[in-house]
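**Student:** The structure file final_15.pdb (PDB, C-alpha atoms) is provided below.
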```
ATOM      1  CA  GLY P   1      23.080   8.628  -8.062  1.00  0.00           C
ATOM      2  CA  ALA P   2      21.860   5.423  -9.637  1.00  0.00           C
ATOM      3  CA  GLY P   3      18.189   6.271  -9.331  1.00  0.00           C
ATOM      4  CA  VAL P   4      15.748   8.949  -8.239  1.00  0.00           C
ATOM      5  CA  SER P   5      15.860   9.315  -4.479  1.00  0.00           C
ATOM      6  CA  GLN P   6      13.013  10.741  -2.411  1.00  0.00           C
ATOM      7  CA  SER P   7      12.821  11.589   1.275  1.00  0.00           C
ATOM      8  CA  PRO P   8      11.187  11.095   3.608  1.00  0.00           C
ATOM      9  CA  ARG P   9       9.584   7.856   2.458  1.00  0.00           C
ATOM     10  CA  TYR P  10       6.813   8.294   5.011  1.00  0.00           C
ATOM     11  CA  LYS P  11       5.545  11.450   6.660  1.00  0.00           C
ATOM     12  CA  VAL P  12       2.715  11.870   9.129  1.00  0.00           C
ATOM     13  CA  ALA P  13       1.573  15.427   9.693  1.00  0.00           C
ATOM     14  CA  LYS P  14      -1.107  17.003  11.803  1.00  0.00           C
ATOM     15  CA  ARG P  15      -3.629  19.080   9.917  1.00  0.00           C
ATOM     16  CA  GLY P  16      -2.273  22.603   9.555  1.00  0.00           C
ATOM     17  CA  GLN P  17       1.402  21.654   9.650  1.00  0.00           C
ATOM     18  CA  ASP P  18       3.816  22.505   6.847  1.00  0.00           C
ATOM     19  CA  VAL P  19       5.730  19.677   5.155  1.00  0.00           C
ATOM     20  CA  ALA P  20       8.673  19.535   2.772  1.00  0.00           C
ATOM     21  CA  LEU P  21       9.386  16.615   0.479  1.00  0.00           C
ATOM     22  CA  ARG P  22      12.739  16.212  -1.202  1.00  0.00           C
ATOM     23  CA  CYS P  23      13.669  14.729  -4.556  1.00  0.00           C
ATOM     24  CA  ASP P  24      17.187  13.982  -5.744  1.00  0.00           C
ATOM     25  CA  PRO P  25      17.003  13.126  -9.464  1.00  0.00           C
ATOM     26  CA  ILE P  26      19.301  10.979 -11.514  1.00  0.00           C
ATOM     27  CA  SER P  27      22.589  12.793 -12.018  1.00  0.00           C
ATOM     28  CA  GLY P  28      22.548  14.838 -15.210  1.00  0.00           C
ATOM     29  CA  HIS P  29      18.809  14.680 -15.760  1.00  0.00           C
ATOM     30  CA  VAL P  30      17.598  18.116 -16.793  1.00  0.00           C
ATOM     31  CA  SER P  31      13.879  17.546 -16.373  1.00  0.00           C
ATOM     32  CA  LEU P  32      12.115  16.884 -13.103  1.00  0.00           C
ATOM     33  CA  PHE P  33       8.449  16.201 -12.476  1.00  0.00           C
ATOM     34  CA  TRP P  34       6.221  15.953  -9.414  1.00  0.00           C
ATOM     35  CA  TYR P  35       3.122  13.788  -9.415  1.00  0.00           C
ATOM     36  CA  GLN P  36       0.476  13.165  -6.767  1.00  0.00           C
ATOM     37  CA  GLN P  37      -0.958   9.662  -6.472  1.00  0.00           C
ATOM     38  CA  ALA P  38      -4.051   9.276  -4.342  1.00  0.00           C
ATOM     39  CA  LEU P  39      -4.980   5.846  -3.032  1.00  0.00           C
ATOM     40  CA  GLY P  40      -6.212   3.626  -5.852  1.00  0.00           C
ATOM     41  CA  GLN P  41      -5.566   6.246  -8.524  1.00  0.00           C
ATOM     42  CA  GLY P  42      -3.015   6.933 -11.185  1.00  0.00           C
ATOM     43  CA  PRO P  43      -0.384   9.634 -10.792  1.00  0.00           C
ATOM     44  CA  GLU P  44      -1.662  13.174 -11.368  1.00  0.00           C
ATOM     45  CA  PHE P  45       0.725  15.774 -12.794  1.00  0.00           C
ATOM     46  CA  LEU P  46       1.642  18.591 -10.415  1.00  0.00           C
ATOM     47  CA  THR P  47       4.588  20.498 -11.859  1.00  0.00           C
ATOM     48  CA  TYR P  48       7.599  20.309 -14.165  1.00  0.00           C
ATOM     49  CA  PHE P  49      11.099  21.792 -14.111  1.00  0.00           C
ATOM     50  CA  GLN P  50      13.679  22.040 -16.815  1.00  0.00           C
ATOM     51  CA  ASN P  51      16.918  22.736 -15.001  1.00  0.00           C
ATOM     52  CA  GLU P  52      15.999  25.421 -12.442  1.00  0.00           C
ATOM     53  CA  ALA P  53      13.096  26.832 -14.432  1.00  0.00           C
ATOM     54  CA  GLN P  54       9.584  25.808 -13.440  1.00  0.00           C
ATOM     55  CA  LEU P  55       7.936  25.566 -16.844  1.00  0.00           C
ATOM     56  CA  ASP P  56       4.542  24.245 -15.824  1.00  0.00           C
ATOM     57  CA  LYS P  57       2.810  24.354 -12.461  1.00  0.00           C
ATOM     58  CA  SER P  58      -0.708  23.933 -13.751  1.00  0.00           C
ATOM     59  CA  GLY P  59      -1.314  20.790 -11.725  1.00  0.00           C
ATOM     60  CA  LEU P  60      -0.622  22.260  -8.290  1.00  0.00           C
ATOM     61  CA  PRO P  61      -4.011  21.963  -6.538  1.00  0.00           C
ATOM     62  CA  SER P  62      -3.825  25.170  -4.534  1.00  0.00           C
ATOM     63  CA  ASP P  63      -1.513  27.993  -3.534  1.00  0.00           C
ATOM     64  CA  ARG P  64      -0.575  25.942  -0.478  1.00  0.00           C
ATOM     65  CA  PHE P  65       1.604  23.858  -2.781  1.00  0.00           C
ATOM     66  CA  PHE P  66       4.978  25.201  -3.821  1.00  0.00           C
ATOM     67  CA  ALA P  67       7.901  23.551  -5.594  1.00  0.00           C
ATOM     68  CA  GLU P  68      11.424  24.725  -6.223  1.00  0.00           C
ATOM     69  CA  ARG P  69      14.621  23.506  -7.818  1.00  0.00           C
ATOM     70  CA  PRO P  70      17.039  26.394  -7.200  1.00  0.00           C
ATOM     71  CA  GLU P  71      20.224  24.869  -8.598  1.00  0.00           C
ATOM     72  CA  GLY P  72      18.701  22.656 -11.244  1.00  0.00           C
ATOM     73  CA  SER P  73      19.285  19.444  -9.327  1.00  0.00           C
ATOM     74  CA  VAL P  74      17.536  18.663  -6.041  1.00  0.00           C
ATOM     75  CA  SER P  75      13.905  19.714  -5.823  1.00  0.00           C
ATOM     76  CA  THR P  76      11.634  20.336  -2.863  1.00  0.00           C
ATOM     77  CA  LEU P  77       7.860  20.171  -2.832  1.00  0.00           C
ATOM     78  CA  LYS P  78       6.414  22.169   0.043  1.00  0.00           C
ATOM     79  CA  ILE P  79       2.864  21.930   1.279  1.00  0.00           C
ATOM     80  CA  GLN P  80       1.702  24.596   3.688  1.00  0.00           C
ATOM     81  CA  ARG P  81      -1.120  24.228   6.184  1.00  0.00           C
ATOM     82  CA  THR P  82      -1.712  20.595   5.248  1.00  0.00           C
ATOM     83  CA  GLN P  83      -5.262  19.302   4.911  1.00  0.00           C
ATOM     84  CA  GLN P  84      -6.556  15.738   5.032  1.00  0.00           C
ATOM     85  CA  GLU P  85      -7.158  15.765   1.285  1.00  0.00           C
ATOM     86  CA  ASP P  86      -3.415  16.245   0.785  1.00  0.00           C
ATOM     87  CA  SER P  87      -2.842  12.664   1.965  1.00  0.00           C
ATOM     88  CA  ALA P  88      -1.289  10.835  -0.969  1.00  0.00           C
ATOM     89  CA  VAL P  89       1.953   9.488  -2.337  1.00  0.00           C
ATOM     90  CA  TYR P  90       4.044  12.199  -3.949  1.00  0.00           C
ATOM     91  CA  LEU P  91       6.140  10.847  -6.777  1.00  0.00           C
ATOM     92  CA  CYS P  92       9.153  12.517  -8.280  1.00  0.00           C
ATOM     93  CA  ALA P  93      10.425  11.599 -11.735  1.00  0.00           C
ATOM     94  CA  SER P  94      13.291  12.776 -13.868  1.00  0.00           C
ATOM     95  CA  THR P  95      14.359  12.383 -17.448  1.00  0.00           C
ATOM     96  CA  GLY P  96      17.464  13.110 -19.448  1.00  0.00           C
ATOM     97  CA  ARG P  97      17.824  15.354 -22.442  1.00  0.00           C
ATOM     98  CA  GLU P  98      17.783  12.422 -24.854  1.00  0.00           C
ATOM     99  CA  ALA P  99      14.410  11.240 -23.577  1.00  0.00           C
ATOM    100  CA  LEU P 100      12.905  14.684 -23.144  1.00  0.00           C
ATOM    101  CA  ASN P 101      10.712  14.511 -26.192  1.00  0.00           C
ATOM    102  CA  THR P 102       9.540  10.957 -25.698  1.00  0.00           C
ATOM    103  CA  GLY P 103       8.197  11.425 -22.206  1.00  0.00           C
ATOM    104  CA  GLU P 104       9.949   8.393 -20.682  1.00  0.00           C
ATOM    105  CA  LEU P 105      10.114   9.015 -16.956  1.00  0.00           C
ATOM    106  CA  PHE P 106      12.301   7.537 -14.230  1.00  0.00           C
ATOM    107  CA  PHE P 107      10.444   7.486 -10.935  1.00  0.00           C
ATOM    108  CA  GLY P 108      11.504   7.519  -7.331  1.00  0.00           C
ATOM    109  CA  GLU P 109       9.769   5.347  -4.751  1.00  0.00           C
ATOM    110  CA  GLY P 110       7.637   8.206  -3.552  1.00  0.00           C
ATOM    111  CA  SER P 111       6.917  10.000  -0.302  1.00  0.00           C
ATOM    112  CA  ARG P 112       3.728   8.833   1.411  1.00  0.00           C
ATOM    113  CA  LEU P 113       2.082  11.730   3.248  1.00  0.00           C
ATOM    114  CA  THR P 114      -0.635  11.072   5.787  1.00  0.00           C
ATOM    115  CA  VAL P 115      -2.409  14.084   7.264  1.00  0.00           C
ATOM    116  CA  LEU P 116      -4.299  13.420  10.490  1.00  0.00           C
TER
ATOM    117  CA  ALA M   1      -6.446  17.561 -24.338  1.00  0.00           C
ATOM    118  CA  GLN M   2      -4.970  14.185 -23.648  1.00  0.00           C
ATOM    119  CA  SER M   3      -6.683  11.495 -21.624  1.00  0.00           C
ATOM    120  CA  VAL M   4      -6.294   7.804 -20.893  1.00  0.00           C
ATOM    121  CA  THR M   5      -8.966   5.261 -20.056  1.00  0.00           C
ATOM    122  CA  GLN M   6      -8.079   1.871 -18.651  1.00  0.00           C
ATOM    123  CA  LEU M   7     -10.925  -0.607 -18.816  1.00  0.00           C
ATOM    124  CA  GLY M   8     -11.168  -2.621 -15.630  1.00  0.00           C
ATOM    125  CA  SER M   9      -9.645  -1.542 -12.358  1.00  0.00           C
ATOM    126  CA  HIS M  10      -8.968  -5.191 -11.470  1.00  0.00           C
ATOM    127  CA  VAL M  11      -8.080  -8.146 -13.686  1.00  0.00           C
ATOM    128  CA  SER M  12      -7.585 -11.673 -12.391  1.00  0.00           C
ATOM    129  CA  VAL M  13      -5.966 -14.467 -14.398  1.00  0.00           C
ATOM    130  CA  SER M  14      -4.630 -17.920 -13.659  1.00  0.00           C
ATOM    131  CA  GLU M  15      -0.914 -18.579 -13.827  1.00  0.00           C
ATOM    132  CA  GLY M  16      -0.039 -19.507 -17.408  1.00  0.00           C
ATOM    133  CA  ALA M  17      -3.087 -17.777 -18.882  1.00  0.00           C
ATOM    134  CA  LEU M  18      -3.125 -14.861 -21.301  1.00  0.00           C
ATOM    135  CA  VAL M  19      -2.888 -11.395 -19.803  1.00  0.00           C
ATOM    136  CA  LEU M  20      -4.836  -8.613 -21.551  1.00  0.00           C
ATOM    137  CA  LEU M  21      -4.990  -5.125 -20.049  1.00  0.00           C
ATOM    138  CA  ARG M  22      -6.963  -2.587 -22.038  1.00  0.00           C
ATOM    139  CA  CYS M  23      -6.086   1.041 -22.666  1.00  0.00           C
ATOM    140  CA  ASN M  24      -7.719   3.682 -24.840  1.00  0.00           C
ATOM    141  CA  TYR M  25      -6.361   7.182 -25.240  1.00  0.00           C
ATOM    142  CA  SER M  26      -7.370  10.541 -26.544  1.00  0.00           C
ATOM    143  CA  SER M  27      -4.880  12.944 -28.080  1.00  0.00           C
ATOM    144  CA  SER M  28      -5.143  15.801 -30.537  1.00  0.00           C
ATOM    145  CA  VAL M  29      -1.687  15.100 -31.957  1.00  0.00           C
ATOM    146  CA  PRO M  30       0.257  11.893 -32.610  1.00  0.00           C
ATOM    147  CA  PRO M  31       0.875  10.455 -29.196  1.00  0.00           C
ATOM    148  CA  TYR M  32       3.657   8.740 -27.409  1.00  0.00           C
ATOM    149  CA  LEU M  33       2.234   5.829 -25.433  1.00  0.00           C
ATOM    150  CA  PHE M  34       3.589   3.984 -22.436  1.00  0.00           C
ATOM    151  CA  TRP M  35       2.878   1.175 -20.032  1.00  0.00           C
ATOM    152  CA  TYR M  36       4.360   1.425 -16.560  1.00  0.00           C
ATOM    153  CA  VAL M  37       4.266  -1.184 -13.786  1.00  0.00           C
ATOM    154  CA  GLN M  38       4.156  -0.440 -10.069  1.00  0.00           C
ATOM    155  CA  TYR M  39       4.946  -3.012  -7.414  1.00  0.00           C
ATOM    156  CA  PRO M  40       3.809  -2.384  -3.825  1.00  0.00           C
ATOM    157  CA  ASN M  41       5.597   0.508  -2.132  1.00  0.00           C
ATOM    158  CA  GLN M  42       7.711   1.159  -5.191  1.00  0.00           C
ATOM    159  CA  GLY M  43       7.820   3.796  -7.879  1.00  0.00           C
ATOM    160  CA  LEU M  44       6.677   3.250 -11.429  1.00  0.00           C
ATOM    161  CA  GLN M  45       8.901   1.354 -13.840  1.00  0.00           C
ATOM    162  CA  LEU M  46       8.675   1.589 -17.614  1.00  0.00           C
ATOM    163  CA  LEU M  47       7.485  -1.644 -19.258  1.00  0.00           C
ATOM    164  CA  LEU M  48       7.409  -0.464 -22.858  1.00  0.00           C
ATOM    165  CA  LYS M  49       6.786   2.565 -25.029  1.00  0.00           C
ATOM    166  CA  TYR M  50       5.551   3.479 -28.483  1.00  0.00           C
ATOM    167  CA  THR M  51       6.944   6.580 -30.144  1.00  0.00           C
ATOM    168  CA  THR M  52       7.056   6.052 -33.906  1.00  0.00           C
ATOM    169  CA  GLY M  53       7.574   3.196 -36.325  1.00  0.00           C
ATOM    170  CA  ALA M  54       6.493  -0.374 -35.667  1.00  0.00           C
ATOM    171  CA  THR M  55       3.115  -0.505 -34.020  1.00  0.00           C
ATOM    172  CA  LEU M  56       3.810  -3.733 -32.118  1.00  0.00           C
ATOM    173  CA  VAL M  57       6.113  -2.914 -29.262  1.00  0.00           C
ATOM    174  CA  LYS M  58       7.909  -5.435 -27.094  1.00  0.00           C
ATOM    175  CA  GLY M  59       8.885  -4.666 -23.536  1.00  0.00           C
ATOM    176  CA  ILE M  60      10.440  -6.260 -20.505  1.00  0.00           C
ATOM    177  CA  ASN M  61       9.237  -9.437 -18.817  1.00  0.00           C
ATOM    178  CA  GLY M  62       7.569 -10.771 -21.981  1.00  0.00           C
ATOM    179  CA  PHE M  63       4.982  -8.004 -22.295  1.00  0.00           C
ATOM    180  CA  GLU M  64       4.013  -6.399 -25.567  1.00  0.00           C
ATOM    181  CA  ALA M  65       1.501  -3.830 -26.761  1.00  0.00           C
ATOM    182  CA  GLU M  66       0.055  -2.838 -30.093  1.00  0.00           C
ATOM    183  CA  PHE M  67      -0.710   0.732 -31.128  1.00  0.00           C
ATOM    184  CA  LYS M  68      -3.938   0.856 -33.130  1.00  0.00           C
ATOM    185  CA  LYS M  69      -4.556   4.372 -34.337  1.00  0.00           C
ATOM    186  CA  SER M  70      -7.983   3.600 -35.807  1.00  0.00           C
ATOM    187  CA  GLU M  71      -9.156   2.279 -32.435  1.00  0.00           C
ATOM    188  CA  THR M  72      -7.127   4.772 -30.346  1.00  0.00           C
ATOM    189  CA  SER M  73      -5.990   1.784 -28.313  1.00  0.00           C
ATOM    190  CA  PHE M  74      -2.757   0.512 -26.811  1.00  0.00           C
ATOM    191  CA  HIS M  75      -3.638  -2.774 -25.100  1.00  0.00           C
ATOM    192  CA  LEU M  76      -1.000  -4.663 -23.114  1.00  0.00           C
ATOM    193  CA  THR M  77      -0.637  -8.429 -23.485  1.00  0.00           C
ATOM    194  CA  LYS M  78       1.474 -11.284 -22.239  1.00  0.00           C
ATOM    195  CA  PRO M  79       0.944 -14.841 -23.511  1.00  0.00           C
ATOM    196  CA  SER M  80       1.506 -16.591 -20.184  1.00  0.00           C
ATOM    197  CA  ALA M  81       1.055 -14.970 -16.775  1.00  0.00           C
ATOM    198  CA  HIS M  82       3.532 -15.551 -13.981  1.00  0.00           C
ATOM    199  CA  MET M  83       2.944 -15.024 -10.286  1.00  0.00           C
ATOM    200  CA  SER M  84       5.563 -12.272 -10.316  1.00  0.00           C
ATOM    201  CA  ASP M  85       3.424 -10.274 -12.774  1.00  0.00           C
ATOM    202  CA  ALA M  86       0.988  -9.384 -10.001  1.00  0.00           C
ATOM    203  CA  ALA M  87       1.191  -5.585  -9.752  1.00  0.00           C
ATOM    204  CA  GLU M  88      -0.529  -2.352 -10.771  1.00  0.00           C
ATOM    205  CA  TYR M  89      -0.237  -1.379 -14.432  1.00  0.00           C
ATOM    206  CA  PHE M  90      -0.619   2.149 -15.751  1.00  0.00           C
ATOM    207  CA  CYS M  91      -1.138   3.238 -19.325  1.00  0.00           C
ATOM    208  CA  ALA M  92       0.114   6.728 -20.119  1.00  0.00           C
ATOM    209  CA  VAL M  93       0.183   9.200 -22.995  1.00  0.00           C
ATOM    210  CA  SER M  94       2.273  12.224 -23.839  1.00  0.00           C
ATOM    211  CA  GLU M  95       1.991  14.410 -26.869  1.00  0.00           C
ATOM    212  CA  THR M  96       4.714  14.370 -29.500  1.00  0.00           C
ATOM    213  CA  GLY M  97       7.386  16.795 -28.464  1.00  0.00           C
ATOM    214  CA  GLY M  98       5.639  17.502 -25.198  1.00  0.00           C
ATOM    215  CA  PHE M  99       6.668  16.874 -21.658  1.00  0.00           C
ATOM    216  CA  LYS M 100       3.516  16.299 -19.648  1.00  0.00           C
ATOM    217  CA  THR M 101       2.653  12.622 -19.301  1.00  0.00           C
ATOM    218  CA  ILE M 102      -0.940  11.774 -18.438  1.00  0.00           C
ATOM    219  CA  PHE M 103      -1.672   8.492 -16.658  1.00  0.00           C
ATOM    220  CA  GLY M 104      -4.704   6.279 -16.534  1.00  0.00           C
ATOM    221  CA  ALA M 105      -6.251   5.211 -13.248  1.00  0.00           C
ATOM    222  CA  GLY M 106      -4.449   1.884 -13.331  1.00  0.00           C
ATOM    223  CA  THR M 107      -5.370  -1.800 -13.516  1.00  0.00           C
ATOM    224  CA  ARG M 108      -4.415  -4.142 -10.719  1.00  0.00           C
ATOM    225  CA  LEU M 109      -3.449  -7.567 -12.026  1.00  0.00           C
ATOM    226  CA  PHE M 110      -3.993 -10.586  -9.799  1.00  0.00           C
ATOM    227  CA  VAL M 111      -2.424 -13.926 -10.749  1.00  0.00           C
ATOM    228  CA  LYS M 112      -3.920 -17.093  -9.248  1.00  0.00           C
ATOM    229  CA  ALA M 113      -1.896 -20.243  -8.743  1.00  0.00           C
TER
END
```
Show how you would write the structure in this file as structure tokens.
**Tutor:**
Amino acid sequence: GAGVSQSPRYKVAKRGQDVALRCDPISGHVSLFWYQQALGQGPEFLTYFQNEAQLDKSGLPSDRFFAERPEGSVSTLKIQRTQQEDSAVYLCASTGREALNTGELFFGEGSRLTVL
Amino acid sequence: AQSVTQLGSHVSVSEGALVLLRCNYSSSVPPYLFWYVQYPNQGLQLLLKYTTGATLVKGINGFEAEFKKSETSFHLTKPSAHMSDAAEYFCAVSETGGFKTIFGAGTRLFVKA
């Protein structure tokens, strides 16, 4: 597609529910990133994929967070047993091979998660 | 480890005035530096980037930034603010050859008529 697409744009979950957030990167982009942006803060790195391989998951805040990209394209970020502190905007970004070493990222509009 | 500090969470300028958003970084290796802009309910959009070469970098919408290694700074400027510049601006750093981009906390720019 023309840009990075994320769904749902808005998600309200009750505390304890599981949620799944989807990211469809720009076609052909090998690298995919997930960031968490709390209200009034900058994006915080969560995890990074190159094709289907998850090369860095050091930013995932707990083992309730899990990300996958099984076919090297679409990615899903899953949060189990959601807590109020998980409320944030989850941003997905992708980058092509030519920009891999410069760090230029192309962002989606984000999925805003509110946990009640 | 890399880090980014943006001085001032809020900056307010009058339309037509100079815009100056400050950014200092920390990196153990030569950095790549970026400014991104975020409009309400939208994702981040790249304004400009420094990788190598000329230290004065020009971006979209009339913005520019200068990489000053001795000051570890990458401040963003625009000579004349426009109402449409009102947004959140993020400075970011990634290490040469690396993939993890670290963002500052952001500066919200207000433009007064």
**Student:** What does the distance from atom CA of M:Ala54 to atom CA of P:Pro43 come to in Å, to one decimal?
**Tutor:**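 Atom CA of M:Ala54 sits 27.7 Å away from atom CA of P:Pro43.
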**Student:** Please list as a list in words every residue within 6 Å of M:Val37, counting only C-alpha atoms and excluding residues in the same chain fewer than 3 positions away.
**Tutor:** Leu44, Gln45, Glu88 and Tyr89 of chain M
**Student:** For this structure, which residues satisfy the selection - the PyMOL selection byres ((chain P) within 9 of (chain M)) - when it is evaluated on the file as given? I want them as a ChimeraX atom specification.
**Tutor:** /P:31,33,40-45,47-48,56,91-92,100-110
**Student:** Please evaluate the PyMOL selection byres ((chain M and resi 81) around 6) against the structure above and give the resulting residues as a VMD selection string.
**Tutor:** chain M and resid 15 to 17 80 82
**Student:** Which residue is closest to M:Val13? Choose from M:Asn61, M:Val111, M:Ser84, M:Tyr39 and count only C-alpha atoms.
**Tutor:**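 For M:Val13, the nearest of the candidates is M:Val111.
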**Student:** Quick check, in Å to one decimal: how far apart do atom CA of P:Arg22 and atom CA of P:Ala53 lie?
**Tutor:** 17.0 Å
**Student:** Taking the file as shown, what set of residues would the PyMOL selection byres ((chain P and resi 2-10) around 6) give back, as a VMD selection string?
**Tutor:** chain P and resid 1 11 22 to 26 108 111 to 112
**Student:** Report, in Å to a single decimal, how far apart atom CA of M:Lys58 and atom CA of M:Ser28 are.
**Tutor:**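 If I compute the distance from atom CA of M:Ser28 to atom CA of M:Lys58, I get 25.2 Å.
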**Student:** Between P:Val19, P:Leu116, P:Leu32, P:Ala67, single out the one closest to P:Gln84, counting only C-alpha atoms.
**Tutor:**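 That would be P:Leu116, the residue with the smallest distance to P:Gln84.
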**Student:** Given the choices P:Gln17, P:Gln50, P:Ser75, P:Ser62, which gets closest to P:Thr114 if the distance is worked out from all atoms listed in the file?
**Tutor:** P:Gln17
**Student:** May I have the residues within 8 Å of M:Arg22 as a VMD selection string, using all atoms listed in the file and disregarding those fewer than 2 positions away in the same chain?
**Tutor:** chain M and resid 6 to 8 20 24 73 to 76
**Student:** Identify the residues within 7 Å of coordinate (-7.8, -8.6, -14.1) (same frame as the file), considering all atoms listed in the file, and give the answer as a list in words.
**Tutor:**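 Those residues lying close to the given coordinates are His10, Val11, Ser12, Val13, Arg108, Leu109 and Phe110 of chain M.
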**Student:** Restricting the calculation to all atoms listed in the file: of P:His29, P:Arg15, P:Arg81, P:Arg69, which residue gets closest to P:Gln54?
**Tutor:**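 When distances to P:Gln54 are compared using all atoms listed in the file, the smallest one comes from P:Arg69.
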**Student:** Taking every listed atom of stretch 13-24 of chain P and adding 3 Å to each side, what centre and edge lengths in Å (one decimal) does the axis-aligned box have, as JSON?
**Tutor:**
```
{"center_x": 6.8, "center_y": 18.3, "center_z": 3.0, "size_x": 26.8, "size_y": 14.6, "size_z": 23.5}
```
